[in-house]
Structure formats: structure tokens, C-alpha cells
$ cat coords.cif   # mmCIF, C-alpha atoms
data_data
#
loop_
_atom_site.group_PDB
_atom_site.id
_atom_site.type_symbol
_atom_site.label_atom_id
_atom_site.label_comp_id
_atom_site.auth_asym_id
_atom_site.auth_seq_id
_atom_site.Cartn_x
_atom_site.Cartn_y
_atom_site.Cartn_z
ATOM 1 C CA MET E 1 32.967 13.865 111.281
ATOM 2 C CA ASN E 2 35.045 11.487 113.333
ATOM 3 C CA ASP E 3 38.606 11.813 112.124
ATOM 4 C CA PHE E 4 40.855 12.907 109.260
ATOM 5 C CA TYR E 5 40.208 9.685 107.313
ATOM 6 C CA HIS E 6 36.462 10.334 107.292
ATOM 7 C CA LEU E 7 37.045 14.034 106.517
ATOM 8 C CA HIS E 8 39.176 13.096 103.515
ATOM 9 C CA ARG E 9 36.564 10.610 102.283
ATOM 10 C CA TRP E 10 33.755 13.137 102.836
ATOM 11 C CA VAL E 11 35.533 15.911 100.930
ATOM 12 C CA PHE E 12 36.881 13.956 97.982
ATOM 13 C CA LEU E 13 35.279 10.512 97.715
ATOM 14 C CA ASN E 14 31.548 10.629 98.509
ATOM 15 C CA GLN E 15 28.763 10.818 95.922
ATOM 16 C CA ASN E 16 30.194 8.622 93.173
ATOM 17 C CA GLY E 17 33.741 9.441 94.134
ATOM 18 C CA ASP E 18 33.746 13.143 93.338
ATOM 19 C CA GLY E 19 32.582 14.793 96.583
ATOM 20 C CA SER E 20 29.733 17.277 97.023
ATOM 21 C CA MET E 21 29.536 21.052 96.668
ATOM 22 C CA GLN E 22 29.147 21.331 100.452
ATOM 23 C CA ALA E 23 32.340 19.381 101.038
ATOM 24 C CA HIS E 24 34.298 21.234 98.360
ATOM 25 C CA HIS E 25 33.255 24.641 99.647
ATOM 26 C CA LEU E 26 34.072 23.802 103.269
ATOM 27 C CA PHE E 27 37.493 22.543 102.182
ATOM 28 C CA ALA E 28 38.053 25.589 99.926
ATOM 29 C CA ALA E 29 37.084 28.033 102.712
ATOM 30 C CA TYR E 30 39.496 26.495 105.255
ATOM 31 C CA ALA E 31 42.269 26.230 102.644
ATOM 32 C CA ALA E 32 41.725 29.853 101.521
ATOM 33 C CA VAL E 33 42.026 31.127 105.101
ATOM 34 C CA TRP E 34 45.358 29.358 105.663
ATOM 35 C CA LEU E 35 46.661 30.354 102.221
ATOM 36 C CA ILE E 36 45.835 34.052 102.704
ATOM 37 C CA GLN E 37 47.097 34.229 106.295
ATOM 38 C CA GLY E 38 50.166 32.066 105.720
ATOM 39 C CA GLY E 39 51.039 33.834 102.466
ATOM 40 C CA TYR E 40 50.795 37.256 104.075
ATOM 41 C CA ALA E 41 52.891 36.212 107.113
ATOM 42 C CA ALA E 42 55.567 34.679 104.849
ATOM 43 C CA TRP E 43 55.647 37.818 102.690
ATOM 44 C CA ILE E 44 56.152 40.117 105.714
ATOM 45 C CA ALA E 45 58.813 37.827 107.188
ATOM 46 C CA TYR E 46 60.679 37.847 103.851
ATOM 47 C CA GLN E 47 60.436 41.667 103.549
ATOM 48 C CA TRP E 48 61.594 42.061 107.164
ATOM 49 C CA TRP E 49 64.618 39.867 106.484
ATOM 50 C CA GLN E 50 65.406 41.775 103.270
ATOM 51 C CA ALA E 51 65.111 45.145 105.034
ATOM 52 C CA GLY E 52 67.474 43.922 107.780
ATOM 53 C CA LYS E 53 70.182 42.958 105.318
ATOM 54 C CA ASN E 54 70.791 46.573 104.261
ATOM 55 C CA LEU E 55 70.608 48.016 107.756
ATOM 56 C CA HIS E 56 73.788 49.329 109.446
ATOM 57 C CA PRO E 57 76.068 48.214 106.587
ATOM 58 C CA ASP E 58 79.098 49.973 108.048
ATOM 59 C CA LEU E 59 78.357 49.826 111.786
ATOM 60 C CA SER E 60 79.824 47.434 114.336
ATOM 61 C CA LEU E 61 77.731 47.216 117.496
ATOM 62 C CA ASN E 62 78.653 45.900 120.899
ATOM 63 C CA PRO E 63 76.272 42.894 121.268
ATOM 64 C CA ASP E 64 75.708 43.631 124.970
ATOM 65 C CA THR E 65 75.041 47.350 124.884
ATOM 66 C CA ASN E 66 73.983 47.958 121.252
ATOM 67 C CA VAL E 67 76.439 50.888 121.230
ATOM 68 C CA GLU E 68 78.654 51.546 118.208
ATOM 69 C CA LEU E 69 82.196 50.206 118.718
ATOM 70 C CA MET W 1 71.005 39.979 126.311
ATOM 71 C CA ARG W 2 70.336 42.161 123.272
ATOM 72 C CA ARG W 3 66.886 43.665 123.042
ATOM 73 C CA SER W 4 66.357 42.318 119.513
ATOM 74 C CA ARG W 5 67.041 38.776 120.760
ATOM 75 C CA ILE W 6 64.447 39.162 123.542
ATOM 76 C CA TYR W 7 61.879 40.395 120.971
ATOM 77 C CA ALA W 8 62.673 37.388 118.751
ATOM 78 C CA MET W 9 62.212 34.940 121.632
ATOM 79 C CA VAL W 10 58.905 36.532 122.674
ATOM 80 C CA GLY W 11 57.731 36.495 119.031
ATOM 81 C CA ILE W 12 58.600 32.835 118.472
ATOM 82 C CA SER W 13 56.944 31.802 121.770
ATOM 83 C CA TRP W 14 53.807 33.792 120.876
ATOM 84 C CA LEU W 15 53.717 32.218 117.393
ATOM 85 C CA ALA W 16 54.052 28.690 118.847
ATOM 86 C CA LEU W 17 51.243 29.328 121.342
ATOM 87 C CA THR W 18 49.069 30.836 118.584
ATOM 88 C CA LEU W 19 49.570 27.903 116.201
ATOM 89 C CA ALA W 20 48.777 25.421 118.997
ATOM 90 C CA THR W 21 45.589 27.379 119.797
ATOM 91 C CA LEU W 22 44.571 27.467 116.127
ATOM 92 C CA ALA W 23 45.239 23.737 115.694
ATOM 93 C CA HIS W 24 43.023 22.976 118.691
ATOM 94 C CA ALA W 25 40.350 25.416 117.460
ATOM 95 C CA THR W 26 40.316 23.882 113.959
ATOM 96 C CA TRP W 27 40.051 20.375 115.401
ATOM 97 C CA LEU W 28 37.076 21.473 117.536
ATOM 98 C CA ALA W 29 35.429 23.168 114.533
ATOM 99 C CA LEU W 30 35.809 20.231 112.150
ATOM 100 C CA PHE W 31 35.449 17.177 114.389
ATOM 101 C CA ILE W 32 33.864 18.058 117.752
ATOM 102 C CA ALA W 33 31.239 20.757 117.106
ATOM 103 C CA PRO W 34 27.817 19.285 116.277
ATOM 104 C CA THR W 35 26.516 19.345 112.702
ATOM 105 C CA GLU W 36 23.975 22.105 112.117
ATOM 106 C CA GLU W 37 20.500 20.803 111.178
ATOM 107 C CA THR W 38 19.653 22.784 108.030
ATOM 108 C CA MET W 39 22.989 23.682 106.434
ATOM 109 C CA LEU W 40 24.761 20.518 107.610
ATOM 110 C CA ASP W 41 28.576 20.447 107.490
ATOM 111 C CA VAL W 42 29.082 23.519 105.330
ATOM 112 C CA GLN W 43 27.979 25.543 108.382
ATOM 113 C CA ARG W 44 31.456 24.768 109.828
ATOM 114 C CA ILE W 45 32.717 27.684 107.698
ATOM 115 C CA PHE W 46 31.091 29.778 110.463
ATOM 116 C CA TYR W 47 34.026 29.029 112.828
ATOM 117 C CA TYR W 48 36.493 30.762 110.499
ATOM 118 C CA HIS W 49 34.155 33.292 108.867
ATOM 119 C CA VAL W 50 32.719 34.958 111.976
ATOM 120 C CA PRO W 51 35.997 35.450 113.946
ATOM 121 C CA SER W 52 37.669 36.897 110.820
ATOM 122 C CA SER W 53 34.714 39.218 110.239
ATOM 123 C CA MET W 54 34.777 40.337 113.896
ATOM 124 C CA LEU W 55 38.510 41.055 113.747
ATOM 125 C CA SER W 56 38.139 42.959 110.482
ATOM 126 C CA LEU W 57 36.002 45.405 112.502
ATOM 127 C CA VAL W 58 38.539 45.663 115.366
ATOM 128 C CA PHE W 59 41.804 46.434 113.530
ATOM 129 C CA PRO W 60 40.390 49.556 111.790
ATOM 130 C CA TYR W 61 40.139 51.122 115.252
ATOM 131 C CA VAL W 62 43.824 50.366 115.894
ATOM 132 C CA ASN W 63 44.514 52.097 112.564
ATOM 133 C CA LEU W 64 42.271 55.032 113.513
ATOM 134 C CA THR W 65 43.852 55.513 116.960
ATOM 135 C CA ALA W 66 47.395 55.370 115.558
ATOM 136 C CA SER W 67 46.439 57.781 112.739
ATOM 137 C CA ILE W 68 45.013 60.306 115.214
ATOM 138 C CA PHE W 69 48.248 60.115 117.250
ATOM 139 C CA TYR W 70 50.241 60.549 114.031
ATOM 140 C CA LEU W 71 48.268 63.677 113.111
ATOM 141 C CA ALA W 72 48.682 65.065 116.637
ATOM 142 C CA TRP W 73 52.440 64.394 116.869
ATOM 143 C CA ARG W 74 53.648 64.940 113.307
ATOM 144 C CA ARG W 75 54.907 68.480 113.949
ATOM 145 C CA SER W 76 55.657 68.493 117.692
ATOM 146 C CA GLU W 77 57.171 64.999 118.103
ATOM 147 C CA PRO W 78 58.147 63.594 114.697
ATOM 148 C CA LEU W 79 59.930 60.482 116.037
ATOM 149 C CA ARG W 80 56.905 59.396 118.073
ATOM 150 C CA ALA W 81 54.712 60.198 115.053
ATOM 151 C CA LEU W 82 56.750 57.724 112.988
ATOM 152 C CA THR W 83 56.027 55.019 115.575
ATOM 153 C CA ALA W 84 52.296 55.777 115.365
ATOM 154 C CA ASP W 85 52.501 55.724 111.573
ATOM 155 C CA ALA W 86 54.111 52.258 111.640
ATOM 156 C CA VAL W 87 51.248 50.968 113.818
ATOM 157 C CA ALA W 88 48.702 52.575 111.450
ATOM 158 C CA ILE W 89 50.002 50.929 108.274
ATOM 159 C CA ALA W 90 50.356 47.566 110.048
ATOM 160 C CA ALA W 91 46.742 47.721 111.263
ATOM 161 C CA ALA W 92 45.472 48.721 107.805
ATOM 162 C CA GLU W 93 47.147 45.723 106.158
ATOM 163 C CA VAL W 94 45.854 43.309 108.797
ATOM 164 C CA THR W 95 42.365 44.775 108.287
ATOM 165 C CA VAL W 96 42.586 44.039 104.549
ATOM 166 C CA VAL W 97 43.715 40.463 105.271
ATOM 167 C CA TYR W 98 40.815 39.742 107.643
ATOM 168 C CA ALA W 99 38.248 41.515 105.437
ATOM 169 C CA SER W 100 39.492 39.497 102.419
ATOM 170 C CA ILE W 101 38.973 36.294 104.397
ATOM 171 C CA SER W 102 35.530 37.419 105.524
ATOM 172 C CA LEU W 103 34.474 38.091 101.912
ATOM 173 C CA THR W 104 36.060 34.912 100.485
ATOM 174 C CA THR W 105 34.671 32.510 103.089
ATOM 175 C CA GLY W 106 31.320 34.324 102.989
ATOM 176 C CA MET W 107 31.014 33.808 99.232
ATOM 177 C CA LEU W 108 31.982 30.125 99.469
ATOM 178 C CA TRP W 109 29.438 29.620 102.241
ATOM 179 C CA GLY W 110 26.760 31.633 100.395
ATOM 180 C CA ARG W 111 27.113 29.599 97.198
ATOM 181 C CA ALA W 112 26.672 26.326 99.109
ATOM 182 C CA ALA W 113 23.904 27.553 101.455
ATOM 183 C CA TRP W 114 21.903 30.063 99.349
ATOM 184 C CA GLY W 115 22.868 28.983 95.824
ATOM 185 C CA ILE W 116 24.410 32.391 94.999
ATOM 186 C CA TRP W 117 27.922 33.780 95.336
ATOM 187 C CA TRP W 118 26.934 37.353 96.076
ATOM 188 C CA ALA W 119 23.953 39.573 96.932
ATOM 189 C CA TRP W 120 24.001 43.347 97.093
ATOM 190 C CA ASP W 121 22.489 43.441 100.568
ATOM 191 C CA ALA W 122 23.560 45.900 103.287
ATOM 192 C CA ARG W 123 26.035 43.635 105.133
ATOM 193 C CA LEU W 124 27.874 42.313 102.087
ATOM 194 C CA THR W 125 28.017 45.702 100.373
ATOM 195 C CA SER W 126 29.222 47.586 103.459
ATOM 196 C CA MET W 127 31.898 44.921 104.068
ATOM 197 C CA LEU W 128 33.049 45.204 100.442
ATOM 198 C CA LEU W 129 33.177 48.984 100.913
ATOM 199 C CA LEU W 130 35.320 48.519 104.051
ATOM 200 C CA TRP W 131 37.731 46.324 102.070
ATOM 201 C CA LEU W 132 37.896 48.901 99.254
ATOM 202 C CA LEU W 133 38.527 51.773 101.707
ATOM 203 C CA TYR W 134 41.507 50.059 103.322
ATOM 204 C CA VAL W 135 42.880 48.892 99.967
ATOM 205 C CA SER W 136 42.711 52.526 98.791
ATOM 206 C CA TYR W 137 44.478 53.564 102.040
ATOM 207 C CA LEU W 138 47.336 51.192 101.195
ATOM 208 C CA LEU W 139 47.414 52.259 97.526
ATOM 209 C CA LEU W 140 47.551 55.917 98.577
ATOM 210 C CA ARG W 141 50.558 55.196 100.766
ATOM 211 C CA LYS W 142 52.243 53.132 98.076
ATOM 212 C CA LEU W 143 51.662 55.372 95.055
ATOM 213 C CA SER W 144 51.445 58.935 96.380
ATOM 214 C CA ALA W 145 54.544 60.991 95.537
ATOM 215 C CA SER W 146 53.512 64.215 97.253
ATOM 216 C CA GLY W 147 55.626 63.753 100.391
ATOM 217 C CA GLN W 148 52.412 64.114 102.383
ATOM 218 C CA SER W 149 51.172 60.569 101.855
ATOM 219 C CA GLN W 150 51.332 59.690 105.575
ATOM 220 C CA THR W 151 49.206 62.712 106.500
ATOM 221 C CA LEU W 152 46.737 62.099 103.648
ATOM 222 C CA ALA W 153 46.444 58.420 104.610
ATOM 223 C CA ALA W 154 45.883 59.330 108.278
ATOM 224 C CA ALA W 155 43.068 61.669 107.226
ATOM 225 C CA LEU W 156 41.565 58.935 105.014
ATOM 226 C CA SER W 157 41.644 56.461 107.905
ATOM 227 C CA VAL W 158 39.380 58.747 109.942
ATOM 228 C CA PHE W 159 36.749 58.585 107.161
ATOM 229 C CA ALA W 160 37.300 54.849 106.535
ATOM 230 C CA ALA W 161 36.589 54.050 110.198
ATOM 231 C CA ILE W 162 33.080 55.516 109.771
ATOM 232 C CA ASP W 163 32.176 52.424 107.726
ATOM 233 C CA VAL W 164 32.917 50.075 110.660
ATOM 234 C CA PRO W 165 29.752 50.817 112.705
ATOM 235 C CA ILE W 166 27.741 50.739 109.454
ATOM 236 C CA VAL W 167 28.980 47.178 108.788
ATOM 237 C CA PHE W 168 28.218 46.188 112.378
ATOM 238 C CA LEU W 169 24.717 47.681 112.383
ATOM 239 C CA SER W 170 23.781 46.671 108.818
ATOM 240 C CA ILE W 171 22.166 43.353 109.806
ATOM 241 C CA ARG W 172 20.432 45.008 112.753
ATOM 242 C CA LEU W 173 18.951 47.921 110.774
ATOM 243 C CA TRP W 174 18.137 46.359 107.390
ATOM 244 C CA ARG W 175 16.916 42.886 106.463
ATOM 245 C CA GLY W 176 18.696 41.277 103.533
ATOM 246 C CA GLN W 177 20.198 38.014 102.322
ATOM 247 C CA HIS W 178 22.704 37.853 105.192
ATOM 248 C CA PRO W 179 21.387 36.112 108.347
ATOM 249 C CA ALA W 180 20.349 38.168 111.387
ATOM 250 C CA PRO W 181 22.910 38.590 114.208
ATOM 251 C CA VAL W 182 23.818 35.322 115.945
ATOM 252 C CA PHE W 183 24.876 37.062 119.167
ATOM 253 C CA GLY W 184 22.835 39.863 120.744
ATOM 254 C CA GLY W 185 20.232 39.755 118.010
ATOM 255 C CA GLY W 186 17.109 39.359 120.126
ATOM 256 C CA PRO W 187 15.154 36.496 121.735
ATOM 257 C CA ASN W 188 15.576 34.010 118.848
ATOM 258 C CA SER W 189 19.293 34.584 118.318
ATOM 259 C CA GLY W 190 22.188 32.489 119.618
ATOM 260 C CA ILE W 191 23.780 29.151 118.757
ATOM 261 C CA ASN W 192 23.726 25.657 120.170
ATOM 262 C CA PRO W 193 25.826 25.779 123.402
ATOM 263 C CA ALA W 194 27.783 22.754 122.142
ATOM 264 C CA MET W 195 29.116 24.973 119.334
ATOM 265 C CA LEU W 196 30.447 27.654 121.692
ATOM 266 C CA PRO W 197 33.847 26.066 122.554
ATOM 267 C CA ALA W 198 34.772 25.748 118.855
ATOM 268 C CA PHE W 199 33.677 29.319 118.243
ATOM 269 C CA GLY W 200 35.435 30.740 121.324
ATOM 270 C CA TRP W 201 38.738 28.978 120.621
ATOM 271 C CA ASN W 202 38.683 30.212 117.011
ATOM 272 C CA VAL W 203 38.042 33.809 118.121
ATOM 273 C CA LEU W 204 40.952 33.530 120.572
ATOM 274 C CA GLY W 205 43.284 31.856 118.061
ATOM 275 C CA TRP W 206 42.616 34.276 115.196
ATOM 276 C CA ALA W 207 42.892 37.274 117.553
ATOM 277 C CA MET W 208 46.314 36.008 118.722
ATOM 278 C CA TRP W 209 47.325 35.495 115.085
ATOM 279 C CA GLY W 210 46.186 39.041 114.233
ATOM 280 C CA ILE W 211 48.288 40.471 117.076
ATOM 281 C CA PHE W 212 51.274 38.466 115.802
ATOM 282 C CA LEU W 213 50.803 39.816 112.244
ATOM 283 C CA LEU W 214 50.406 43.347 113.575
ATOM 284 C CA ALA W 215 53.664 43.113 115.568
ATOM 285 C CA LEU W 216 55.568 41.552 112.644
ATOM 286 C CA ARG W 217 54.358 44.187 110.172
ATOM 287 C CA TYR W 218 55.140 46.942 112.703
ATOM 288 C CA ALA W 219 58.699 45.603 113.070
ATOM 289 C CA LEU W 220 59.089 45.604 109.281
ATOM 290 C CA GLU W 221 57.892 49.221 109.011
ATOM 291 C CA ARG W 222 60.260 50.343 111.777
ATOM 292 C CA ARG W 223 63.143 48.690 109.932
ATOM 293 C CA ARG W 224 62.200 50.502 106.735
ATOM 294 C CA GLN W 225 61.943 53.830 108.574
ATOM 295 C CA GLU W 226 65.344 53.224 110.183
ATOM 296 C CA SER W 227 66.853 52.389 106.790
ATOM 297 C CA GLU W 228 65.360 55.562 105.243
ATOM 298 C CA GLN W 229 66.713 57.699 108.090
ATOM 299 C CA GLU W 230 70.174 56.186 107.676
ATOM 300 C CA SER W 231 70.095 56.850 103.930
ATOM 301 C CA ALA W 232 69.018 60.455 104.529
ATOM 302 C CA LEU W 233 71.776 61.016 107.114
ATOM 303 C CA LYS W 234 74.355 59.486 104.806
ATOM 304 C CA ALA W 235 73.242 61.772 101.963
ATOM 305 C CA ILE W 236 73.617 64.824 104.252
ATOM 306 C CA GLU W 237 77.067 63.678 105.370
ATOM 307 C CA ASP W 238 78.123 63.120 101.751
ATOM 308 C CA SER W 239 76.892 66.573 100.710
ATOM 309 C CA LEU W 240 78.839 68.150 103.615
ATOM 310 C CA GLU W 241 81.978 66.305 102.482
ATOM 311 C CA ILE W 242 81.543 67.712 98.968
ATOM 312 C CA ALA W 243 81.026 71.248 100.358
ATOM 313 C CA ARG W 244 84.337 71.015 102.243
#
$ encode --input "coords.cif" --output "C-alpha cells"
Amino acid sequence: MNDFYHLHRWVFLNQNGDGSMQAHHLFAAYAAVWLIQGGYAAWIAYQWWQAGKNLHPDLSLNPDTNVEL
Amino acid sequence: MRRSRIYAMVGISWLALTLATLAHATWLALFIAPTEETMLDVQRIFYYHVPSSMLSLVFPYVNLTASIFYLAWRRSEPLRALTADAVAIAAAEVTVVYASISLTTGMLWGRAAWGIWWAWDARLTSMLLLWLLYVSYLLLRKLSASGQSQTLAAALSVFAAIDVPIVFLSIRLWRGQHPAPVFGGGPNSGINPAMLPAFGWNVLGWAMWGIFLLALRYALERRRQESEQESALKAIEDSLEIAR
């Protein structure tokens, strides 16, 4: 494969315009990897942010020393 | 500078470097690596499937090591034990992520290359078992109400790790549908040297990504532990106020 244009044509437009099983499965495998990894990372980042919101609700910390004011 | 800000800067820099590495690795895998002669382009799944499978056999040992430290420290040094426990749960989740990818990409590749989605051969079955063991580890931690869930999960992780060498050795000991080992599998094993850069960069990129996920999940668990400790302390303080 030479570039993204040829990749796109190979996946979606070859063999009477509907692509082949080989192309679909290669595309699906790469997409599944990024969906699973990206989805998991986004979920942890969201949970981490949520958990931080309720932390130290009544504490004021010195930003330089991290010691309670 | 606050320690949390330094951690954030290191994390963002690591993530940027990891994404650049993965972009380069994906470009090599899709556009530069030569097309394999028999399977043709669908063989390019190899560059994502094999690194994910390799890493799904590495993170269980992080989980095992942290679980052993948890069991050793839980009575004598409870605060250090909590740190080990946070590493253990992070490693178990990352293991499930990589094993899920290994199974998913393997099935997509198998359907295109062999004509079947699944075969109950030694490699596929032992990998499915690994996935089930670490899913049950996470379910145990999520659903157990005994107050001993961390200890029970740590004990389970010792047994779960036994499956890792079985997965690794399965294609060396038993012949099945899954291909023989590509690396270290005897005189006829190995890949075209022109494929090695794409493979190497993908191993590096996905390993860096796994370390990033592990650190992020560890930070989340530490935050949860801190929040639970604060709630417990506040409850004690409130009960003392009532007693006065």
C-alpha cells in the first residue's frame, strides 16, 4: 500500500465497490485496537477526574509545600 | 513546584512520545512493511496482534509481584500494602485490555486467513482462560463484600499467573490451529527482516502505552484509597464529636 488514498480505496472500494473480507478484517482489527485502548484510557481519565473532585473538600493547601494552611 | 504538577507534566510528555511512536509504528505496519506472500495484506494484523499478546503475558507478572508484596505487608506495613494493592489492580486491568485485544484481533485474522473465527486449540483456549481468570479477579474485587476482597484477589492472582507460562508454551508443546512460534521456534521460524522495524516499533509503542495506562490506573486507585481514608477519618471524628 502506498498511501492513505490507496488504503481507503483498498478497504472500501475494491471488488465491485464493496471491498474484500481481507480488507474489512484488517480495518476492523486496527479500529478495534484503538477503540478498546482509547475507550479504556478515556474511562480511567474520567474516573480519575471524578475521584479528584471529592478529594479534600474542606482543606486549603499551600501550593508550594502541600501543607494544610 | 507542586509534586502533582510535576507528575502531570511527566505524564503528558510520556503520552505525547507514546502517541508519536505508535503513529510511526502504524505507518510502518500499513505502508512500509512488505506484503506477506500467502496471507497478503491481512497479515498486517500481526503488527498489532503479536505485541498485544506479548504484553498480555507481561502485565500478569506485575500483578503477581504486587500481590505478593501486598500479602507480605498487609499486617506489618498497611500503608505500603495499599500501594502494592493499587499496582496489582492496575496491572490486572491492563492485562484484561491487552488479552481482549489479542483475542479480538486473533479472531478477525483467523476468519480471514483460516476461514474460521475460533478453534479450541491449546493457544486460543489457554489465552481465553487467561482472560477469564483476570476478569474474575476484577469481578471478585468489585463484588466481594467480605472486607477481605484484596487478600482474596491477591491469592487468586498467584493461581492466575500459573496460566501465563502455559499460554507461552502452548504452541511449543502442542500442535494446533495456531501457527508455530515466529521467534525462537526452531530453524524454520522467523520473519522477513524487512518486517522487523514495523514489528519492533509496534512492540515499543504498545509497551509505552501499557506503562502509561498502568500509571494512570494506579493514580486513580491511589485517589480512591485517599478518598476512602478521608471518609473513614471523618466518620471517626464525627463519632467522637457525638460522644462528647
$ resolve_selection --input "coords.cif" --expression "the PyMOL selection byres ((chain W) within 8 of (chain E))" --output "PyMOL selection string"
chain W and resi 1-2+30-32+41-42+44-45+48+97+101+104-105+108-109+112+213+216-217+219-220+223-224+226-227+230
$ write_last_selection --input "coords.cif" --atoms "C-alpha atoms" --output "mmCIF file, keeping the file's coordinate frame"
data_model
loop_
_atom_site.group_PDB
_atom_site.id
_atom_site.type_symbol
_atom_site.label_atom_id
_atom_site.label_comp_id
_atom_site.auth_asym_id
_atom_site.auth_seq_id
_atom_site.Cartn_x
_atom_site.Cartn_y
_atom_site.Cartn_z
ATOM 1 C CA MET W 1 71.005 39.979 126.311
ATOM 2 C CA ARG W 2 70.336 42.161 123.272
ATOM 3 C CA LEU W 30 35.809 20.231 112.150
ATOM 4 C CA PHE W 31 35.449 17.177 114.389
ATOM 5 C CA ILE W 32 33.864 18.058 117.752
ATOM 6 C CA ASP W 41 28.576 20.447 107.490
ATOM 7 C CA VAL W 42 29.082 23.519 105.330
ATOM 8 C CA ARG W 44 31.456 24.768 109.828
ATOM 9 C CA ILE W 45 32.717 27.684 107.698
ATOM 10 C CA TYR W 48 36.493 30.762 110.499
ATOM 11 C CA VAL W 97 43.715 40.463 105.271
ATOM 12 C CA ILE W 101 38.973 36.294 104.397
ATOM 13 C CA THR W 104 36.060 34.912 100.485
ATOM 14 C CA THR W 105 34.671 32.510 103.089
ATOM 15 C CA LEU W 108 31.982 30.125 99.469
ATOM 16 C CA TRP W 109 29.438 29.620 102.241
ATOM 17 C CA ALA W 112 26.672 26.326 99.109
ATOM 18 C CA LEU W 213 50.803 39.816 112.244
ATOM 19 C CA LEU W 216 55.568 41.552 112.644
ATOM 20 C CA ARG W 217 54.358 44.187 110.172
ATOM 21 C CA ALA W 219 58.699 45.603 113.070
ATOM 22 C CA LEU W 220 59.089 45.604 109.281
ATOM 23 C CA ARG W 223 63.143 48.690 109.932
ATOM 24 C CA ARG W 224 62.200 50.502 106.735
ATOM 25 C CA GLU W 226 65.344 53.224 110.183
ATOM 26 C CA SER W 227 66.853 52.389 106.790
ATOM 27 C CA GLU W 230 70.174 56.186 107.676
#
$ closest_residue --input "coords.cif" --among "W:Arg141, W:Arg75, W:Arg172, W:Arg244" --to "Ala154 in chain W" --atoms "only C-alpha atoms"
W:Arg141
$ resolve_selection --input "coords.cif" --expression "the PyMOL selection byres ((chain W and resi 167) around 12)" --output "VMD selection string"
chain W and resid 53 to 54 56 to 58 99 121 to 131 160 to 166 168 to 174 178 181
$ write_last_selection --input "coords.cif" --atoms "C-alpha atoms" --output "mmCIF file, keeping the file's coordinate frame"
data_model
loop_
_atom_site.group_PDB
_atom_site.id
_atom_site.type_symbol
_atom_site.label_atom_id
_atom_site.label_comp_id
_atom_site.auth_asym_id
_atom_site.auth_seq_id
_atom_site.Cartn_x
_atom_site.Cartn_y
_atom_site.Cartn_z
ATOM 1 C CA SER W 53 34.714 39.218 110.239
ATOM 2 C CA MET W 54 34.777 40.337 113.896
ATOM 3 C CA SER W 56 38.139 42.959 110.482
ATOM 4 C CA LEU W 57 36.002 45.405 112.502
ATOM 5 C CA VAL W 58 38.539 45.663 115.366
ATOM 6 C CA ALA W 99 38.248 41.515 105.437
ATOM 7 C CA ASP W 121 22.489 43.441 100.568
ATOM 8 C CA ALA W 122 23.560 45.900 103.287
ATOM 9 C CA ARG W 123 26.035 43.635 105.133
ATOM 10 C CA LEU W 124 27.874 42.313 102.087
ATOM 11 C CA THR W 125 28.017 45.702 100.373
ATOM 12 C CA SER W 126 29.222 47.586 103.459
ATOM 13 C CA MET W 127 31.898 44.921 104.068
ATOM 14 C CA LEU W 128 33.049 45.204 100.442
ATOM 15 C CA LEU W 129 33.177 48.984 100.913
ATOM 16 C CA LEU W 130 35.320 48.519 104.051
ATOM 17 C CA TRP W 131 37.731 46.324 102.070
ATOM 18 C CA ALA W 160 37.300 54.849 106.535
ATOM 19 C CA ALA W 161 36.589 54.050 110.198
ATOM 20 C CA ILE W 162 33.080 55.516 109.771
ATOM 21 C CA ASP W 163 32.176 52.424 107.726
ATOM 22 C CA VAL W 164 32.917 50.075 110.660
ATOM 23 C CA PRO W 165 29.752 50.817 112.705
ATOM 24 C CA ILE W 166 27.741 50.739 109.454
ATOM 25 C CA PHE W 168 28.218 46.188 112.378
ATOM 26 C CA LEU W 169 24.717 47.681 112.383
ATOM 27 C CA SER W 170 23.781 46.671 108.818
ATOM 28 C CA ILE W 171 22.166 43.353 109.806
ATOM 29 C CA ARG W 172 20.432 45.008 112.753
ATOM 30 C CA LEU W 173 18.951 47.921 110.774
ATOM 31 C CA TRP W 174 18.137 46.359 107.390
ATOM 32 C CA HIS W 178 22.704 37.853 105.192
ATOM 33 C CA PRO W 181 22.910 38.590 114.208
#
$ resolve_selection --input "coords.cif" --expression "the PyMOL selection byres ((chain W and resi 55) around 12)" --output "PyMOL selection string"
chain W and resi 48-54+56-62+91-92+94-102+164+168+202-211
$ atom_distance --input "coords.cif" --atom1 "CA of Ala153 in chain W" --atom2 "CA of Ala232 in chain W"
22.7 Å
$ atom_distance --input "coords.cif" --atom1 "CA of Thr83 in chain W" --atom2 "CA of Trp14 in chain W"
22.0 Å
$ atom_distance --input "coords.cif" --atom1 "CA of Ser149 in chain W" --atom2 "CA of Arg74 in chain W"
12.5 Å
$ closest_residue --input "coords.cif" --among "W:Ala20, W:Leu233, W:Leu82, W:Ala90" --to "Asn63 in chain W" --atoms "only C-alpha atoms"
W:Ala90
$ residues_around --input "coords.cif" --residues "Ala86 in chain W" --least-positions-apart "5" --cutoff "8 Å" --atoms "all atoms listed in the file" --output "PyMOL selection string"
chain W and resi 218+221-222
$ axis_aligned_box --input "coords.cif" --around "range 37-48 of chain E" --padding-each-side "3 Å" --output "lines of an AutoDock Vina configuration file"
center_x = 54.3
center_y = 37.1
center_z = 104.8
size_x = 20.5
size_y = 16.0
size_z = 10.7
$ residues_near_point --input "coords.cif" --point "(49.0, 52.9, 112.9)" --cutoff "6 Å" --atoms "all atoms listed in the file" --output "ChimeraX atom specification"
/W:63,66-67,84-89,91
